[in-house]
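Novice: Got a structure for you, coords-v4.tsv, holding TSV, N, CA, C and O atoms.
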chain	number	residue	atom	x	y	z
A	1	GLU	N	0.84	-1.17	0.00
A	1	GLU	CA	0.00	0.00	0.00
A	1	GLU	C	0.89	1.24	0.00
A	1	GLU	O	1.87	1.32	0.73
A	2	VAL	N	0.56	2.19	-0.82
A	2	VAL	CA	1.31	3.45	-0.90
A	2	VAL	C	0.40	4.56	-0.41
A	2	VAL	O	-0.73	4.70	-0.85
A	3	VAL	N	0.90	5.33	0.54
A	3	VAL	CA	0.14	6.45	1.07
A	3	VAL	C	0.87	7.74	0.72
A	3	VAL	O	2.07	7.86	0.96
A	4	ILE	N	0.16	8.67	0.16
A	4	ILE	CA	0.75	9.95	-0.22
A	4	ILE	C	0.16	11.03	0.68
A	4	ILE	O	-1.05	11.16	0.81
A	5	GLN	N	1.07	11.76	1.31
A	5	GLN	CA	0.65	12.88	2.14
A	5	GLN	C	1.25	14.14	1.54
A	5	GLN	O	2.46	14.32	1.55
A	6	ASN	N	0.44	15.00	1.04
A	6	ASN	CA	0.91	16.21	0.38
A	6	ASN	C	1.48	17.24	1.35
A	6	ASN	O	2.18	18.15	0.94
A	7	ASP	N	1.22	17.10	2.64
A	7	ASP	CA	1.69	18.09	3.61
A	7	ASP	C	3.09	17.78	4.15
A	7	ASP	O	3.61	18.53	4.97
A	8	LEU	N	3.72	16.72	3.70
A	8	LEU	CA	5.08	16.41	4.14
A	8	LEU	C	6.08	17.37	3.50
A	8	LEU	O	5.94	17.73	2.34
A	9	LYS	N	7.11	17.75	4.26
A	9	LYS	CA	8.10	18.69	3.76
A	9	LYS	C	9.25	18.01	3.04
A	9	LYS	O	9.97	18.64	2.29
A	10	GLU	N	9.43	16.70	3.29
A	10	GLU	CA	10.53	15.98	2.66
A	10	GLU	C	9.98	14.84	1.81
A	10	GLU	O	8.90	14.32	2.06
A	11	GLU	N	10.75	14.48	0.82
A	11	GLU	CA	10.39	13.38	-0.05
A	11	GLU	C	11.07	12.10	0.45
A	11	GLU	O	12.17	12.14	0.97
A	12	VAL	N	10.40	10.99	0.28
A	12	VAL	CA	10.98	9.71	0.62
A	12	VAL	C	11.15	8.92	-0.67
A	12	VAL	O	10.22	8.82	-1.47
A	13	VAL	N	12.35	8.38	-0.84
A	13	VAL	CA	12.63	7.59	-2.03
A	13	VAL	C	12.93	6.17	-1.58
A	13	VAL	O	13.73	5.95	-0.67
A	14	LEU	N	12.30	5.22	-2.21
A	14	LEU	CA	12.50	3.81	-1.88
A	14	LEU	C	13.40	3.17	-2.93
A	14	LEU	O	13.07	3.18	-4.12
A	15	ASP	N	14.52	2.64	-2.48
A	15	ASP	CA	15.45	1.97	-3.38
A	15	ASP	C	15.01	0.51	-3.49
A	15	ASP	O	15.07	-0.24	-2.52
A	16	THR	N	14.59	0.09	-4.66
A	16	THR	CA	14.10	-1.28	-4.85
A	16	THR	C	15.14	-2.19	-5.50
A	16	THR	O	14.84	-3.33	-5.82
A	17	GLU	N	16.35	-1.68	-5.69
A	17	GLU	CA	17.41	-2.50	-6.27
A	17	GLU	C	17.88	-3.54	-5.27
A	17	GLU	O	18.10	-3.24	-4.10
A	18	ILE	N	18.04	-4.76	-5.74
A	18	ILE	CA	18.49	-5.84	-4.87
A	18	ILE	C	20.01	-5.96	-5.02
A	18	ILE	O	20.51	-6.32	-6.09
A	19	SER	N	20.71	-5.68	-3.94
A	19	SER	CA	22.18	-5.73	-3.97
A	19	SER	C	22.67	-7.17	-3.87
A	19	SER	O	21.92	-8.09	-3.54
A	20	GLU	N	23.96	-7.35	-4.12
A	20	GLU	CA	24.56	-8.68	-3.99
A	20	GLU	C	24.45	-9.19	-2.55
A	20	GLU	O	24.21	-10.37	-2.32
A	21	ALA	N	24.61	-8.28	-1.58
A	21	ALA	CA	24.50	-8.68	-0.17
A	21	ALA	C	23.09	-9.19	0.14
A	21	ALA	O	22.93	-10.19	0.84
A	22	LEU	N	22.07	-8.53	-0.39
A	22	LEU	CA	20.70	-8.99	-0.18
A	22	LEU	C	20.45	-10.32	-0.87
A	22	LEU	O	19.76	-11.19	-0.32
A	23	LYS	N	21.01	-10.51	-2.05
A	23	LYS	CA	20.87	-11.78	-2.75
A	23	LYS	C	21.50	-12.91	-1.95
A	23	LYS	O	20.92	-13.99	-1.82
A	24	LYS	N	22.69	-12.66	-1.39
A	24	LYS	CA	23.36	-13.68	-0.58
A	24	LYS	C	22.57	-14.00	0.69
A	24	LYS	O	22.46	-15.15	1.08
A	25	GLU	N	22.03	-12.96	1.32
A	25	GLU	CA	21.22	-13.17	2.51
A	25	GLU	C	19.98	-14.00	2.18
A	25	GLU	O	19.59	-14.91	2.92
A	26	GLY	N	19.36	-13.69	1.06
A	26	GLY	CA	18.18	-14.45	0.62
A	26	GLY	C	18.52	-15.90	0.33
A	26	GLY	O	17.77	-16.81	0.69
A	27	ALA	N	19.65	-16.13	-0.32
A	27	ALA	CA	20.08	-17.49	-0.62
A	27	ALA	C	20.35	-18.27	0.66
A	27	ALA	O	19.99	-19.45	0.78
A	28	PHE	N	20.95	-17.60	1.65
A	28	PHE	CA	21.22	-18.25	2.94
A	28	PHE	C	19.91	-18.61	3.62
A	28	PHE	O	19.74	-19.72	4.13
A	29	ARG	N	18.96	-17.69	3.65
A	29	ARG	CA	17.66	-17.97	4.29
A	29	ARG	C	16.94	-19.12	3.60
A	29	ARG	O	16.31	-19.95	4.26
A	30	ASP	N	17.02	-19.17	2.28
A	30	ASP	CA	16.41	-20.29	1.55
A	30	ASP	C	17.07	-21.60	1.94
A	30	ASP	O	16.39	-22.62	2.13
A	31	LEU	N	18.38	-21.58	2.06
A	31	LEU	CA	19.12	-22.78	2.43
A	31	LEU	C	18.74	-23.25	3.84
A	31	LEU	O	18.53	-24.44	4.07
A	32	VAL	N	18.63	-22.32	4.77
A	32	VAL	CA	18.21	-22.67	6.14
A	32	VAL	C	16.82	-23.30	6.11
A	32	VAL	O	16.58	-24.32	6.75
A	33	ARG	N	15.91	-22.72	5.35
A	33	ARG	CA	14.55	-23.26	5.26
A	33	ARG	C	14.56	-24.67	4.69
A	33	ARG	O	13.89	-25.57	5.21
A	34	ILE	N	15.36	-24.90	3.66
A	34	ILE	CA	15.45	-26.23	3.05
A	34	ILE	C	15.98	-27.25	4.06
A	34	ILE	O	15.43	-28.35	4.21
A	35	VAL	N	17.05	-26.89	4.77
A	35	VAL	CA	17.63	-27.81	5.74
A	35	VAL	C	16.65	-28.06	6.89
A	35	VAL	O	16.49	-29.21	7.34
A	36	GLN	N	15.96	-27.03	7.35
A	36	GLN	CA	14.97	-27.22	8.41
A	36	GLN	C	13.85	-28.15	7.95
A	36	GLN	O	13.37	-29.00	8.71
A	37	ASP	N	13.42	-28.01	6.69
A	37	ASP	CA	12.40	-28.92	6.15
A	37	ASP	C	12.91	-30.36	6.10
A	37	ASP	O	12.18	-31.30	6.43
A	38	LEU	N	14.18	-30.54	5.71
A	38	LEU	CA	14.77	-31.88	5.68
A	38	LEU	C	14.85	-32.46	7.08
A	38	LEU	O	14.59	-33.66	7.29
A	39	ARG	N	15.20	-31.63	8.06
A	39	ARG	CA	15.25	-32.09	9.45
A	39	ARG	C	13.87	-32.54	9.91
A	39	ARG	O	13.73	-33.58	10.56
A	40	LYS	N	12.86	-31.78	9.57
A	40	LYS	CA	11.49	-32.12	9.95
A	40	LYS	C	11.07	-33.45	9.32
A	40	LYS	O	10.49	-34.32	9.98
A	41	GLN	N	11.37	-33.62	8.02
A	41	GLN	CA	11.04	-34.86	7.32
A	41	GLN	C	11.75	-36.06	7.94
A	41	GLN	O	11.22	-37.18	7.93
A	42	ALA	N	12.94	-35.83	8.49
A	42	ALA	CA	13.71	-36.91	9.11
A	42	ALA	C	13.27	-37.17	10.55
A	42	ALA	O	13.80	-38.06	11.21
A	43	GLY	N	12.32	-36.38	11.04
A	43	GLY	CA	11.82	-36.57	12.39
A	43	GLY	C	12.75	-36.05	13.48
A	43	GLY	O	12.68	-36.48	14.63
A	44	LEU	N	13.61	-35.11	13.12
A	44	LEU	CA	14.56	-34.55	14.09
A	44	LEU	C	13.93	-33.41	14.87
A	44	LEU	O	13.17	-32.62	14.31
A	45	SER	N	14.26	-33.31	16.13
A	45	SER	CA	13.80	-32.18	16.95
A	45	SER	C	14.86	-31.08	16.88
A	45	SER	O	15.95	-31.28	16.35
A	46	HIS	N	14.54	-29.94	17.48
A	46	HIS	CA	15.48	-28.81	17.47
A	46	HIS	C	16.80	-29.14	18.15
A	46	HIS	O	17.85	-28.65	17.75
A	47	SER	N	16.74	-30.00	19.17
A	47	SER	CA	17.96	-30.31	19.92
A	47	SER	C	18.78	-31.44	19.30
A	47	SER	O	19.93	-31.63	19.67
A	48	ASP	N	18.23	-32.18	18.35
A	48	ASP	CA	18.96	-33.26	17.70
A	48	ASP	C	20.03	-32.69	16.76
A	48	ASP	O	19.76	-31.80	15.98
A	49	THR	N	21.22	-33.25	16.84
A	49	THR	CA	22.27	-32.86	15.89
A	49	THR	C	22.16	-33.75	14.66
A	49	THR	O	21.62	-34.84	14.71
A	50	ALA	N	22.70	-33.25	13.56
A	50	ALA	CA	22.59	-33.98	12.30
A	50	ALA	C	23.81	-33.73	11.44
A	50	ALA	O	24.59	-32.80	11.66
A	51	VAL	N	23.95	-34.58	10.43
A	51	VAL	CA	24.97	-34.44	9.41
A	51	VAL	C	24.25	-34.07	8.12
A	51	VAL	O	23.22	-34.65	7.79
A	52	LEU	N	24.78	-33.10	7.41
A	52	LEU	CA	24.20	-32.68	6.15
A	52	LEU	C	24.85	-33.46	5.01
A	52	LEU	O	26.07	-33.49	4.90
A	53	ILE	N	24.02	-34.11	4.21
A	53	ILE	CA	24.50	-34.83	3.03
A	53	ILE	C	24.42	-33.85	1.86
A	53	ILE	O	23.35	-33.32	1.57
A	54	VAL	N	25.55	-33.62	1.19
A	54	VAL	CA	25.63	-32.58	0.17
A	54	VAL	C	26.06	-33.18	-1.17
A	54	VAL	O	27.13	-33.78	-1.27
A	55	PRO	N	25.24	-33.01	-2.22
A	55	PRO	CA	25.68	-33.45	-3.54
A	55	PRO	C	26.77	-32.53	-4.08
A	55	PRO	O	26.83	-31.34	-3.71
A	56	PHE	N	27.60	-33.06	-4.94
A	56	PHE	CA	28.72	-32.30	-5.49
A	56	PHE	C	28.26	-30.97	-6.10
A	56	PHE	O	28.91	-29.94	-5.93
A	57	SER	N	27.11	-30.99	-6.77
A	57	SER	CA	26.62	-29.79	-7.46
A	57	SER	C	26.29	-28.64	-6.51
A	57	SER	O	26.18	-27.49	-6.93
A	58	GLN	N	26.15	-28.92	-5.21
A	58	GLN	CA	25.80	-27.87	-4.25
A	58	GLN	C	26.88	-27.59	-3.22
A	58	GLN	O	26.68	-26.79	-2.31
A	59	GLU	N	28.03	-28.22	-3.37
A	59	GLU	CA	29.11	-28.05	-2.38
A	59	GLU	C	29.56	-26.61	-2.24
A	59	GLU	O	29.79	-26.13	-1.13
A	60	ALA	N	29.70	-25.88	-3.34
A	60	ALA	CA	30.17	-24.49	-3.28
A	60	ALA	C	29.18	-23.62	-2.52
A	60	ALA	O	29.57	-22.81	-1.68
A	61	ARG	N	27.90	-23.78	-2.82
A	61	ARG	CA	26.86	-22.98	-2.15
A	61	ARG	C	26.83	-23.27	-0.65
A	61	ARG	O	26.74	-22.35	0.16
A	62	ILE	N	26.96	-24.54	-0.28
A	62	ILE	CA	26.96	-24.92	1.14
A	62	ILE	C	28.21	-24.38	1.83
A	62	ILE	O	28.14	-23.83	2.93
A	63	SER	N	29.35	-24.53	1.19
A	63	SER	CA	30.61	-24.08	1.79
A	63	SER	C	30.61	-22.58	2.06
A	63	SER	O	31.13	-22.12	3.08
A	64	GLU	N	30.01	-21.82	1.16
A	64	GLU	CA	29.96	-20.37	1.32
A	64	GLU	C	29.24	-19.96	2.61
A	64	GLU	O	29.59	-18.97	3.24
A	65	HIS	N	28.24	-20.72	3.00
A	65	HIS	CA	27.41	-20.39	4.17
A	65	HIS	C	27.58	-21.38	5.32
A	65	HIS	O	26.79	-21.36	6.26
A	66	TRP	N	28.58	-22.25	5.28
A	66	TRP	CA	28.64	-23.39	6.19
A	66	TRP	C	28.58	-22.99	7.66
A	66	TRP	O	27.79	-23.55	8.43
A	67	ASN	N	29.40	-22.07	8.12
A	67	ASN	CA	29.43	-21.75	9.55
A	67	ASN	C	28.08	-21.23	10.06
A	67	ASN	O	27.61	-21.64	11.12
A	68	GLU	N	27.45	-20.37	9.29
A	68	GLU	CA	26.16	-19.84	9.68
A	68	GLU	C	25.07	-20.91	9.60
A	68	GLU	O	24.21	-21.01	10.47
A	69	LEU	N	25.12	-21.73	8.56
A	69	LEU	CA	24.15	-22.79	8.38
A	69	LEU	C	24.26	-23.83	9.49
A	69	LEU	O	23.25	-24.27	10.04
A	70	LYS	N	25.48	-24.16	9.83
A	70	LYS	CA	25.75	-25.13	10.90
A	70	LYS	C	25.14	-24.65	12.22
A	70	LYS	O	24.47	-25.41	12.92
A	71	ALA	N	25.34	-23.40	12.54
A	71	ALA	CA	24.81	-22.84	13.78
A	71	ALA	C	23.28	-22.73	13.76
A	71	ALA	O	22.62	-23.01	14.76
A	72	ALA	N	22.74	-22.34	12.62
A	72	ALA	CA	21.29	-22.10	12.53
A	72	ALA	C	20.47	-23.39	12.51
A	72	ALA	O	19.29	-23.37	12.87
A	73	THR	N	21.09	-24.50	12.10
A	73	THR	CA	20.32	-25.73	11.91
A	73	THR	C	20.85	-26.91	12.73
A	73	THR	O	20.44	-28.04	12.51
A	74	ASN	N	21.74	-26.65	13.67
A	74	ASN	CA	22.28	-27.67	14.57
A	74	ASN	C	22.92	-28.84	13.82
A	74	ASN	O	22.67	-30.00	14.13
A	75	LEU	N	23.77	-28.51	12.86
A	75	LEU	CA	24.51	-29.52	12.11
A	75	LEU	C	25.89	-29.70	12.71
A	75	LEU	O	26.50	-28.75	13.19
A	76	LEU	N	26.38	-30.92	12.67
A	76	LEU	CA	27.73	-31.20	13.17
A	76	LEU	C	28.76	-31.19	12.06
A	76	LEU	O	29.88	-30.72	12.23
A	77	SER	N	28.38	-31.74	10.91
A	77	SER	CA	29.33	-31.86	9.81
A	77	SER	C	28.57	-32.06	8.51
A	77	SER	O	27.34	-32.10	8.50
A	78	GLN	N	29.33	-32.21	7.44
A	78	GLN	CA	28.73	-32.49	6.13
A	78	GLN	C	29.48	-33.64	5.48
A	78	GLN	O	30.65	-33.86	5.73
A	79	GLU	N	28.75	-34.38	4.65
A	79	GLU	CA	29.30	-35.50	3.90
A	79	GLU	C	28.84	-35.39	2.45
A	79	GLU	O	27.79	-34.79	2.18
A	80	SER	N	29.58	-35.99	1.57
A	80	SER	CA	29.17	-36.03	0.16
A	80	SER	C	28.12	-37.11	-0.03
A	80	SER	O	28.13	-38.13	0.65
A	81	GLY	N	27.20	-36.84	-0.96
A	81	GLY	CA	26.16	-37.81	-1.25
A	81	GLY	C	25.48	-37.46	-2.55
A	81	GLY	O	25.85	-36.50	-3.23
A	82	ASP	N	24.47	-38.24	-2.89
A	82	ASP	CA	23.76	-38.04	-4.17
A	82	ASP	C	22.76	-36.90	-4.13
A	82	ASP	O	22.59	-36.20	-5.13
A	83	THR	N	22.08	-36.72	-3.01
A	83	THR	CA	21.05	-35.68	-2.89
A	83	THR	C	21.22	-34.93	-1.58
A	83	THR	O	21.76	-35.48	-0.61
A	84	LEU	N	20.74	-33.71	-1.54
A	84	LEU	CA	20.78	-32.92	-0.32
A	84	LEU	C	19.85	-33.57	0.70
A	84	LEU	O	18.67	-33.80	0.42
A	85	ASN	N	20.38	-33.88	1.87
A	85	ASN	CA	19.60	-34.56	2.89
A	85	ASN	C	20.28	-34.40	4.24
A	85	ASN	O	21.38	-33.87	4.31
A	86	VAL	N	19.62	-34.85	5.29
A	86	VAL	CA	20.22	-34.86	6.63
A	86	VAL	C	20.07	-36.25	7.21
A	86	VAL	O	19.18	-37.01	6.85
A	87	LYS	N	20.98	-36.58	8.13
A	87	LYS	CA	20.84	-37.83	8.88
A	87	LYS	C	21.19	-37.53	10.33
A	87	LYS	O	22.02	-36.68	10.64
A	88	ARG	N	20.53	-38.25	11.20
A	88	ARG	CA	20.73	-38.11	12.65
A	88	ARG	C	22.14	-38.59	13.02
A	88	ARG	O	22.66	-39.52	12.45
A	89	THR	N	22.72	-37.92	14.00
A	89	THR	CA	24.06	-38.33	14.46
A	89	THR	C	23.92	-39.18	15.70
A	89	THR	O	22.92	-39.20	16.35
Before we go any further, please render this structure as structure tokens.
Specialist:
Amino acid sequence: EVVIQNDLKEEVVLDTEISEALKKEGAFRDLVRIVQDLRKQAGLSHSDTAVLIVPFSQEARISEHWNELKAATNLLSQESGDTLNVKRT
């Protein structure tokens, strides 16, 4: 919703350009959501630790965010595999 007030003395400009930093943050949030969904499908609780199974095609993306992803999703380590998945430790 856009509200226009003609009595304002200053103009407000909204920058809608998506920077590289915002793109990276969005990619990280998507990754966290995917891993949390995999944890849920595996029947893991928030306190359960897990290992992330990472296919070769996604290793670079995971490595870029590994420390933050590990902390946000209670992962202990990562292993190579055929599909992105989690397993209980």
Novice: Around (18.2, -30.9, 1.5) in the file's own coordinates, what residues are found within 6 Å if you use all atoms listed in the file, given back as number ranges by chain?
Specialist: A: 34-35, 38, 53, 83-86
Novice: I need the residue nearest Thr49 in chain A from this list: A:Gln78, A:Thr16, A:Thr73, A:Gln36. Use only C-alpha atoms for the distance.
Specialist: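 Going through A:Gln78, A:Thr16, A:Thr73, A:Gln36 one by one, the smallest distance to Thr49 in chain A is for A:Thr73.
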Novice: Among range 30-75 of chain A, which ones does DSSP assign to helix (DSSP H, G or I) (computed from the backbone)? Answer as an MDAnalysis selection string.
Specialist: chainID A and resid 30:41 56:73
Novice: Mind the document's chain letters and residue numbers, and return as a list in words the residues of range 3-61 of chain A that DSSP labels strand (DSSP E).
Specialist: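 Written out, the strand (DSSP E) residues of range 3-61 of chain A are Ala50, Val51, Leu52, Ile53 and Val54 of chain A.
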Novice: Determine, counting only N, CA, C and O atoms, which protein, DNA and RNA residues have an atom within 8 Å of an atom of Arg88 in chain A; residues of the same chain fewer than 6 positions away are not included. Present the result as a list of chain:residue names.
Specialist: A:Ala42, A:Leu44, A:Asp48, A:Thr49, A:Ala50, A:Val51, A:Leu52
Novice: To one decimal in Å, tell me the separation between CA of Trp66 in chain A and CA of Ser80 in chain A.
Specialist: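 Separation of CA of Trp66 in chain A and CA of Ser80 in chain A: 14.0 Å.
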